[in-house]
>>> print(open('query-v5.cif').read())   # mmCIF, C-alpha atoms; chains and numbers go by the auth columns
data_start
#
loop_
_atom_site.group_PDB
_atom_site.id
_atom_site.type_symbol
_atom_site.label_atom_id
_atom_site.label_comp_id
_atom_site.label_asym_id
_atom_site.label_seq_id
_atom_site.Cartn_x
_atom_site.Cartn_y
_atom_site.Cartn_z
_atom_site.B_iso_or_equiv
_atom_site.auth_seq_id
_atom_site.auth_asym_id
ATOM 1 C CA PHE A 1 6.474 5.488 -3.193 0.00 113 A
ATOM 2 C CA GLY A 2 4.673 5.548 0.129 0.00 114 A
ATOM 3 C CA ASP A 3 4.762 1.756 0.385 0.00 115 A
ATOM 4 C CA ALA A 4 8.538 1.849 0.010 0.00 116 A
ATOM 5 C CA LEU A 5 8.812 4.455 2.756 0.00 117 A
ATOM 6 C CA ARG A 6 6.697 2.390 5.116 0.00 118 A
ATOM 7 C CA ASN A 7 8.274 -0.954 4.227 0.00 119 A
ATOM 8 C CA ALA A 8 11.713 0.429 5.035 0.00 120 A
ATOM 9 C CA ALA A 9 10.636 2.408 8.111 0.00 121 A
ATOM 10 C CA LEU A 10 8.619 -0.320 9.867 0.00 122 A
ATOM 11 C CA PRO A 11 11.520 -2.712 10.526 0.00 123 A
ATOM 12 C CA LEU A 12 13.741 0.200 11.541 0.00 124 A
ATOM 13 C CA LEU A 13 11.117 1.334 14.008 0.00 125 A
ATOM 14 C CA ALA A 14 10.709 -2.259 15.204 0.00 126 A
ATOM 15 C CA ALA A 15 14.463 -2.512 15.786 0.00 127 A
ATOM 16 C CA SER A 16 14.298 0.644 17.899 0.00 128 A
ATOM 17 C CA LEU A 17 11.505 -0.880 20.015 0.00 129 A
ATOM 18 C CA THR A 18 13.029 -4.306 20.660 0.00 130 A
ATOM 19 C CA ASP A 19 16.328 -6.130 20.526 0.00 131 A
ATOM 20 C CA ARG A 20 14.616 -9.434 19.654 0.00 132 A
ATOM 21 C CA PRO A 21 15.348 -10.279 15.999 0.00 133 A
ATOM 22 C CA LEU A 22 12.357 -12.605 15.752 0.00 134 A
ATOM 23 C CA LEU A 23 9.974 -9.746 16.531 0.00 135 A
ATOM 24 C CA VAL A 24 11.618 -7.466 13.988 0.00 136 A
ATOM 25 C CA ALA A 25 11.360 -10.270 11.431 0.00 137 A
ATOM 26 C CA ALA A 26 7.690 -10.768 12.333 0.00 138 A
ATOM 27 C CA VAL A 27 6.963 -7.154 11.429 0.00 139 A
ATOM 28 C CA THR A 28 8.566 -7.657 8.017 0.00 140 A
ATOM 29 C CA ALA A 29 6.923 -11.053 7.485 0.00 141 A
ATOM 30 C CA CYS A 30 3.491 -9.606 8.210 0.00 142 A
ATOM 31 C CA GLY A 31 4.114 -7.228 5.343 0.00 143 A
ATOM 32 C CA TYR A 32 4.221 -10.228 2.967 0.00 144 A
ATOM 33 C CA LEU A 33 2.071 -12.930 4.587 0.00 145 A
ATOM 34 C CA PRO A 34 -1.277 -11.519 3.402 0.00 146 A
ATOM 35 C CA TRP A 35 -0.237 -12.064 -0.218 0.00 147 A
ATOM 36 C CA ILE A 36 0.041 -15.783 0.509 0.00 148 A
ATOM 37 C CA VAL A 37 -3.186 -15.912 2.507 0.00 149 A
ATOM 38 C CA PHE A 38 -5.394 -13.397 0.661 0.00 150 A
ATOM 39 C CA GLY A 39 -3.762 -12.789 -2.731 0.00 151 A
ATOM 40 C CA LEU A 40 -6.161 -14.978 -4.704 0.00 152 A
ATOM 41 C CA LEU A 41 -9.141 -13.774 -2.704 0.00 153 A
ATOM 42 C CA GLY A 42 -8.160 -10.160 -3.408 0.00 154 A
ATOM 43 C CA GLY A 43 -8.122 -10.974 -7.110 0.00 155 A
ATOM 44 C CA ALA A 44 -11.518 -12.653 -6.972 0.00 156 A
ATOM 45 C CA VAL A 45 -13.042 -9.713 -5.117 0.00 157 A
ATOM 46 C CA ALA A 46 -11.394 -7.194 -7.478 0.00 158 A
ATOM 47 C CA ASP A 47 -12.974 -8.965 -10.462 0.00 159 A
ATOM 48 C CA ARG A 48 -16.443 -8.675 -8.928 0.00 160 A
ATOM 49 C CA VAL A 49 -16.554 -5.079 -7.689 0.00 161 A
ATOM 50 C CA ASP A 50 -16.151 -1.623 -9.167 0.00 162 A
ATOM 51 C CA GLN A 51 -12.343 -1.481 -9.285 0.00 163 A
ATOM 52 C CA ARG A 52 -12.126 2.303 -9.200 0.00 164 A
ATOM 53 C CA ARG A 53 -14.320 2.500 -6.119 0.00 165 A
ATOM 54 C CA ALA A 54 -12.425 -0.339 -4.443 0.00 166 A
ATOM 55 C CA MET A 55 -9.087 1.350 -5.119 0.00 167 A
ATOM 56 C CA TRP A 56 -9.956 4.777 -3.770 0.00 168 A
ATOM 57 C CA THR A 57 -11.779 3.307 -0.769 0.00 169 A
ATOM 58 C CA VAL A 58 -8.835 1.070 0.100 0.00 170 A
ATOM 59 C CA ASP A 59 -6.342 3.908 -0.283 0.00 171 A
ATOM 60 C CA ALA A 60 -8.444 6.289 1.798 0.00 172 A
ATOM 61 C CA LEU A 61 -8.692 3.644 4.524 0.00 173 A
ATOM 62 C CA ARG A 62 -4.958 2.907 4.363 0.00 174 A
ATOM 63 C CA GLY A 63 -4.206 6.636 4.476 0.00 175 A
ATOM 64 C CA LEU A 64 -6.308 7.067 7.609 0.00 176 A
ATOM 65 C CA LEU A 65 -4.747 4.005 9.270 0.00 177 A
ATOM 66 C CA VAL A 66 -1.201 5.176 8.568 0.00 178 A
ATOM 67 C CA ALA A 67 -2.019 8.737 9.648 0.00 179 A
ATOM 68 C CA ALA A 68 -3.365 7.425 12.954 0.00 180 A
ATOM 69 C CA PHE A 69 -0.270 5.267 13.309 0.00 181 A
ATOM 70 C CA ALA A 70 1.957 8.299 12.661 0.00 182 A
ATOM 71 C CA VAL A 71 0.229 10.064 15.550 0.00 183 A
ATOM 72 C CA VAL A 72 0.825 7.030 17.788 0.00 184 A
ATOM 73 C CA VAL A 73 4.502 7.003 16.809 0.00 185 A
ATOM 74 C CA ALA A 74 4.840 10.748 17.362 0.00 186 A
ATOM 75 C CA LEU A 75 3.347 10.359 20.841 0.00 187 A
ATOM 76 C CA GLY A 76 5.797 7.551 21.639 0.00 188 A
ATOM 77 C CA HIS A 77 3.156 4.829 22.034 0.00 189 A
ATOM 78 C CA ALA A 78 4.201 2.480 19.217 0.00 190 A
ATOM 79 C CA SER A 79 4.571 -1.191 20.065 0.00 191 A
ATOM 80 C CA ILE A 80 5.697 -4.292 18.224 0.00 192 A
ATOM 81 C CA GLY A 81 2.157 -5.686 18.325 0.00 193 A
ATOM 82 C CA LEU A 82 0.826 -2.530 16.719 0.00 194 A
ATOM 83 C CA LEU A 83 3.518 -2.654 14.016 0.00 195 A
ATOM 84 C CA ILE A 84 2.674 -6.285 13.257 0.00 196 A
ATOM 85 C CA ALA A 85 -1.061 -5.522 13.085 0.00 197 A
ATOM 86 C CA LEU A 86 -0.477 -2.485 10.869 0.00 198 A
ATOM 87 C CA ALA A 87 1.810 -4.333 8.460 0.00 199 A
ATOM 88 C CA PHE A 88 -0.642 -7.221 8.165 0.00 200 A
ATOM 89 C CA THR A 89 -3.702 -4.983 7.727 0.00 201 A
ATOM 90 C CA LEU A 90 -2.117 -2.678 5.147 0.00 202 A
ATOM 91 C CA THR A 91 -0.835 -5.575 3.059 0.00 203 A
ATOM 92 C CA THR A 92 -4.202 -7.341 3.269 0.00 204 A
ATOM 93 C CA LEU A 93 -5.820 -4.208 1.865 0.00 205 A
ATOM 94 C CA GLN A 94 -3.043 -3.979 -0.738 0.00 206 A
ATOM 95 C CA THR A 95 -4.048 -7.380 -2.142 0.00 207 A
ATOM 96 C CA LEU A 96 -7.388 -5.862 -3.145 0.00 208 A
ATOM 97 C CA PHE A 97 -5.898 -2.583 -4.367 0.00 209 A
ATOM 98 C CA ASP A 98 -3.181 -4.137 -6.543 0.00 210 A
ATOM 99 C CA ASN A 99 -5.528 -6.698 -8.074 0.00 211 A
ATOM 100 C CA ALA A 100 -8.120 -3.986 -8.753 0.00 212 A
ATOM 101 C CA SER A 101 -5.516 -1.729 -10.389 0.00 213 A
ATOM 102 C CA THR A 102 -4.486 -4.522 -12.730 0.00 214 A
ATOM 103 C CA ALA A 103 -8.124 -5.283 -13.555 0.00 215 A
ATOM 104 C CA LEU A 104 -8.948 -1.591 -14.103 0.00 216 A
ATOM 105 C CA LEU A 105 -6.141 -0.932 -16.572 0.00 217 A
ATOM 106 C CA PRO A 106 -8.004 -2.311 -19.638 0.00 218 A
ATOM 107 C CA ALA A 107 -10.801 0.200 -18.988 0.00 219 A
ATOM 108 C CA LEU A 108 -8.299 3.073 -19.062 0.00 220 A
ATOM 109 C CA VAL A 109 -6.318 2.319 -22.228 0.00 221 A
ATOM 110 C CA ASP A 110 -7.024 0.931 -25.667 0.00 222 A
ATOM 111 C CA ARG A 111 -6.435 -2.755 -26.195 0.00 223 A
ATOM 112 C CA ASP A 112 -3.442 -2.038 -28.470 0.00 224 A
ATOM 113 C CA ALA A 113 -1.759 0.027 -25.745 0.00 225 A
ATOM 114 C CA LEU A 114 -2.420 -2.433 -22.907 0.00 226 A
ATOM 115 C CA GLY A 115 1.014 -4.085 -22.993 0.00 227 A
ATOM 116 C CA SER A 116 2.812 -0.767 -22.964 0.00 228 A
ATOM 117 C CA ALA A 117 0.549 0.650 -20.254 0.00 229 A
ATOM 118 C CA ASN A 118 1.100 -2.400 -18.051 0.00 230 A
ATOM 119 C CA ALA A 119 4.866 -2.117 -18.517 0.00 231 A
ATOM 120 C CA ARG A 120 4.756 1.559 -17.592 0.00 232 A
ATOM 121 C CA LEU A 121 2.668 0.819 -14.518 0.00 233 A
ATOM 122 C CA MET A 122 5.106 -1.842 -13.293 0.00 234 A
ATOM 123 C CA THR A 123 8.157 0.276 -14.139 0.00 235 A
ATOM 124 C CA GLY A 124 6.715 3.255 -12.295 0.00 236 A
ATOM 125 C CA GLN A 125 6.078 1.108 -9.231 0.00 237 A
ATOM 126 C CA ARG A 126 9.640 -0.210 -9.244 0.00 238 A
ATOM 127 C CA ILE A 127 11.244 3.201 -9.760 0.00 239 A
ATOM 128 C CA ALA A 128 9.111 5.001 -7.168 0.00 240 A
ATOM 129 C CA GLY A 129 9.433 2.166 -4.679 0.00 241 A
ATOM 130 C CA GLY A 130 12.856 0.686 -5.189 0.00 242 A
ATOM 131 C CA LEU A 131 14.911 3.614 -6.347 0.00 243 A
ATOM 132 C CA MET A 132 13.274 6.612 -4.720 0.00 244 A
ATOM 133 C CA GLY A 133 11.332 5.590 -1.609 0.00 245 A
ATOM 134 C CA GLY A 134 13.693 3.353 0.321 0.00 246 A
ATOM 135 C CA PRO A 135 16.777 5.581 0.164 0.00 247 A
ATOM 136 C CA LEU A 136 14.802 8.566 1.496 0.00 248 A
ATOM 137 C CA VAL A 137 13.769 6.824 4.713 0.00 249 A
ATOM 138 C CA PRO A 138 16.977 7.580 6.665 0.00 250 A
ATOM 139 C CA LEU A 139 16.645 11.270 5.772 0.00 251 A
ATOM 140 C CA LEU A 140 13.019 11.328 6.859 0.00 252 A
ATOM 141 C CA LEU A 141 13.814 9.477 10.082 0.00 253 A
ATOM 142 C CA VAL A 142 16.278 12.212 10.995 0.00 254 A
ATOM 143 C CA ALA A 143 13.308 14.592 11.034 0.00 255 A
ATOM 144 C CA GLY A 144 11.378 12.237 13.335 0.00 256 A
ATOM 145 C CA ALA A 145 10.237 8.640 13.661 0.00 257 A
ATOM 146 C CA ALA A 146 6.719 9.531 12.512 0.00 258 A
ATOM 147 C CA VAL A 147 7.742 11.444 9.374 0.00 259 A
ATOM 148 C CA PRO A 148 7.969 8.455 6.958 0.00 260 A
ATOM 149 C CA PHE A 149 4.492 7.410 8.082 0.00 261 A
ATOM 150 C CA VAL A 150 3.091 10.918 7.631 0.00 262 A
ATOM 151 C CA ALA A 151 4.513 10.912 4.102 0.00 263 A
ATOM 152 C CA ASP A 152 3.050 7.443 3.468 0.00 264 A
ATOM 153 C CA ALA A 153 -0.379 8.547 4.703 0.00 265 A
ATOM 154 C CA ALA A 154 -0.210 11.570 2.410 0.00 266 A
ATOM 155 C CA THR A 155 0.606 9.390 -0.616 0.00 267 A
ATOM 156 C CA PHE A 156 -2.380 7.143 0.140 0.00 268 A
ATOM 157 C CA LEU A 157 -4.750 10.081 0.462 0.00 269 A
ATOM 158 C CA VAL A 158 -3.476 11.756 -2.718 0.00 270 A
ATOM 159 C CA ALA A 159 -3.734 8.443 -4.579 0.00 271 A
ATOM 160 C CA ALA A 160 -7.294 7.948 -3.312 0.00 272 A
ATOM 161 C CA ALA A 161 -8.261 11.396 -4.592 0.00 273 A
ATOM 162 C CA LEU A 162 -6.622 10.777 -7.970 0.00 274 A
ATOM 163 C CA VAL A 163 -8.289 7.401 -8.439 0.00 275 A
ATOM 164 C CA ALA A 164 -11.664 8.786 -7.324 0.00 276 A
ATOM 165 C CA SER A 165 -11.337 11.505 -9.974 0.00 277 A
ATOM 166 C CA LEU A 166 -11.045 8.980 -12.820 0.00 278 A
ATOM 167 C CA ARG A 167 -14.076 9.106 -15.062 0.00 279 A
ATOM 168 C CA ILE A 168 -14.489 5.782 -16.779 0.00 280 A
ATOM 169 C CA THR A 169 -17.296 3.518 -17.750 0.00 281 A
ATOM 170 C CA ALA A 170 -17.336 0.443 -15.590 0.00 282 A
ATOM 171 C CA PRO A 171 -16.899 -2.753 -17.602 0.00 283 A
ATOM 172 C CA GLU A 172 -19.775 -5.196 -17.907 0.00 284 A
ATOM 173 C CA ARG A 173 -19.853 -7.779 -15.123 0.00 285 A
#
>>> encode(input="query-v5.cif", output="structure tokens")
Amino acid sequence: FGDALRNAALPLLAASLTDRPLLVAAVTACGYLPWIVFGLLGGAVADRVDQRRAMWTVDALRGLLVAAFAVVVALGHASIGLLIALAFTLTTLQTLFDNASTALLPALVDRDALGSANARLMTGQRIAGGLMGGPLVPLLLVAGAAVPFVADAATFLVAAALVASLRITAPER
């Protein structure tokens, strides 16, 4: 949900900071480029570390980064360079988080329920992101340019706490 808020709000904020379409496109592109560059590496790392710990650490870090960015936006100090760096950094961290979440799923559900659990996970991501998050951004922006980022930071921090609270036995490495 928070990713959808941020992914819709970043280019809108970029468009308010510049009238150069290439720079606005760069902000959006940097939200996808890390998957091409680091996607496989994120998967390799996720297979070799404690996935639960990696997930909550990544989400706590992303929550703090987005919260700091929300403060920068609220103070009127946002820049295109900062938006590009934020988009790239958050998506780079997402490559580890998403790969770890996929690798952790078999430790959370029985083997017979794995297909159903994976389908529910993907469906939940699409509904929260595609159907709920994006359409709320204009309403949140009315309250202030920083509000979607505050909400995104909150979702990261709540997710980090929820993942950290999982009590599972780590799989054999």
>>> residues_around(input="query-v5.cif", residues="Ala276 (chain A)", least_positions_apart="5", cutoff="8 Å", atoms="all atoms listed in the file", output="JSON, numbers by chain")
{"A": [164, 165, 168]}
>>> residues_near_point(input="query-v5.cif", point="(-2.1, -11.1, 1.2)", cutoff="12 Å", atoms="all atoms listed in the file", output="list in words")
Ala141, Cys142, Gly143, Tyr144, Leu145, Pro146, Trp147, Ile148, Val149, Phe150, Gly151, Leu152, Leu153, Gly154, Gly155, Ala199, Phe200, Thr201, Leu202, Thr203, Thr204, Leu205, Gln206, Thr207, Leu208, Phe209, Asp210 and Asn211 of chain A
>>> atom_distance(input="query-v5.cif", atom1="CA of Leu195 (chain A)", atom2="CA of Val139 (chain A)")
6.2 Å
>>> resolve_selection(input="query-v5.cif", expression="the PyMOL selection byres ((chain A and resi 171) around 7)", output="VMD selection string")
chain A and resid 167 to 170 172 to 175 268 to 269 271 to 272
>>> write_last_selection(input="query-v5.cif", atoms="C-alpha atoms", output="PDB file, in the frame of the given file")
ATOM      1  CA  MET A 167      -9.087   1.350  -5.119  1.00  0.00           C
ATOM      2  CA  TRP A 168      -9.956   4.777  -3.770  1.00  0.00           C
ATOM      3  CA  THR A 169     -11.779   3.307  -0.769  1.00  0.00           C
ATOM      4  CA  VAL A 170      -8.835   1.070   0.100  1.00  0.00           C
ATOM      5  CA  ALA A 172      -8.444   6.289   1.798  1.00  0.00           C
ATOM      6  CA  LEU A 173      -8.692   3.644   4.524  1.00  0.00           C
ATOM      7  CA  ARG A 174      -4.958   2.907   4.363  1.00  0.00           C
ATOM      8  CA  GLY A 175      -4.206   6.636   4.476  1.00  0.00           C
ATOM      9  CA  PHE A 268      -2.380   7.143   0.140  1.00  0.00           C
ATOM     10  CA  LEU A 269      -4.750  10.081   0.462  1.00  0.00           C
ATOM     11  CA  ALA A 271      -3.734   8.443  -4.579  1.00  0.00           C
ATOM     12  CA  ALA A 272      -7.294   7.948  -3.312  1.00  0.00           C
TER      13      ALA A 272
END
>>> resolve_selection(input="query-v5.cif", expression="the PyMOL selection byres ((chain A and resi 229-241) around 12)", output="ChimeraX atom specification")
/A:113-120,210,213-228,242-249,264,267
>>> closest_residue(input="query-v5.cif", among="A:Ile280, A:Asp159, A:Ala266, A:Ala166", to="Ala179 (chain A)", atoms="only C-alpha atoms")
A:Ala266
>>> atom_distance(input="query-v5.cif", atom1="CA of Ala182 (chain A)", atom2="CA of Ala121 (chain A)")
11.4 Å
>>> closest_atom_pairs(input="query-v5.cif", of="region 164-210 of chain A", to="region 254-263 of chain A", cutoff="12 Å", atoms="all atoms listed in the file", output="tab-separated table")
residue	atom	partner	partner_atom	distance
A:Arg174	CA	A:Phe261	CA	11.1
A:Gly175	CA	A:Val262	CA	9.0
A:Leu176	CA	A:Val262	CA	10.2
A:Leu177	CA	A:Phe261	CA	9.9
A:Val178	CA	A:Phe261	CA	6.1
A:Ala179	CA	A:Val262	CA	5.9
A:Ala180	CA	A:Val262	CA	9.1
A:Phe181	CA	A:Phe261	CA	7.4
A:Ala182	CA	A:Ala258	CA	4.9
A:Val183	CA	A:Ala258	CA	7.2
A:Val184	CA	A:Ala258	CA	8.3
A:Val185	CA	A:Ala258	CA	5.5
A:Ala186	CA	A:Ala258	CA	5.3
A:Leu187	CA	A:Ala258	CA	9.0
A:Gly188	CA	A:Ala257	CA	9.2
A:His189	CA	A:Ala258	CA	11.2
A:Ala190	CA	A:Ala258	CA	10.1
A:Leu195	CA	A:Phe261	CA	11.7
A:Leu198	CA	A:Phe261	CA	11.4
>>> closest_residue(input="query-v5.cif", among="A:Ala197, A:Leu122, A:Ala273, A:Ile192", to="Leu135 (chain A)", atoms="all atoms listed in the file")
A:Ile192
>>> atom_distance(input="query-v5.cif", atom1="CA of Val136 (chain A)", atom2="CA of Pro123 (chain A)")
5.9 Å
>>> closest_residue(input="query-v5.cif", among="A:Ala212, A:Ala265, A:Leu274, A:Ala126", to="Ile196 (chain A)", atoms="all atoms listed in the file")
A:Ala126
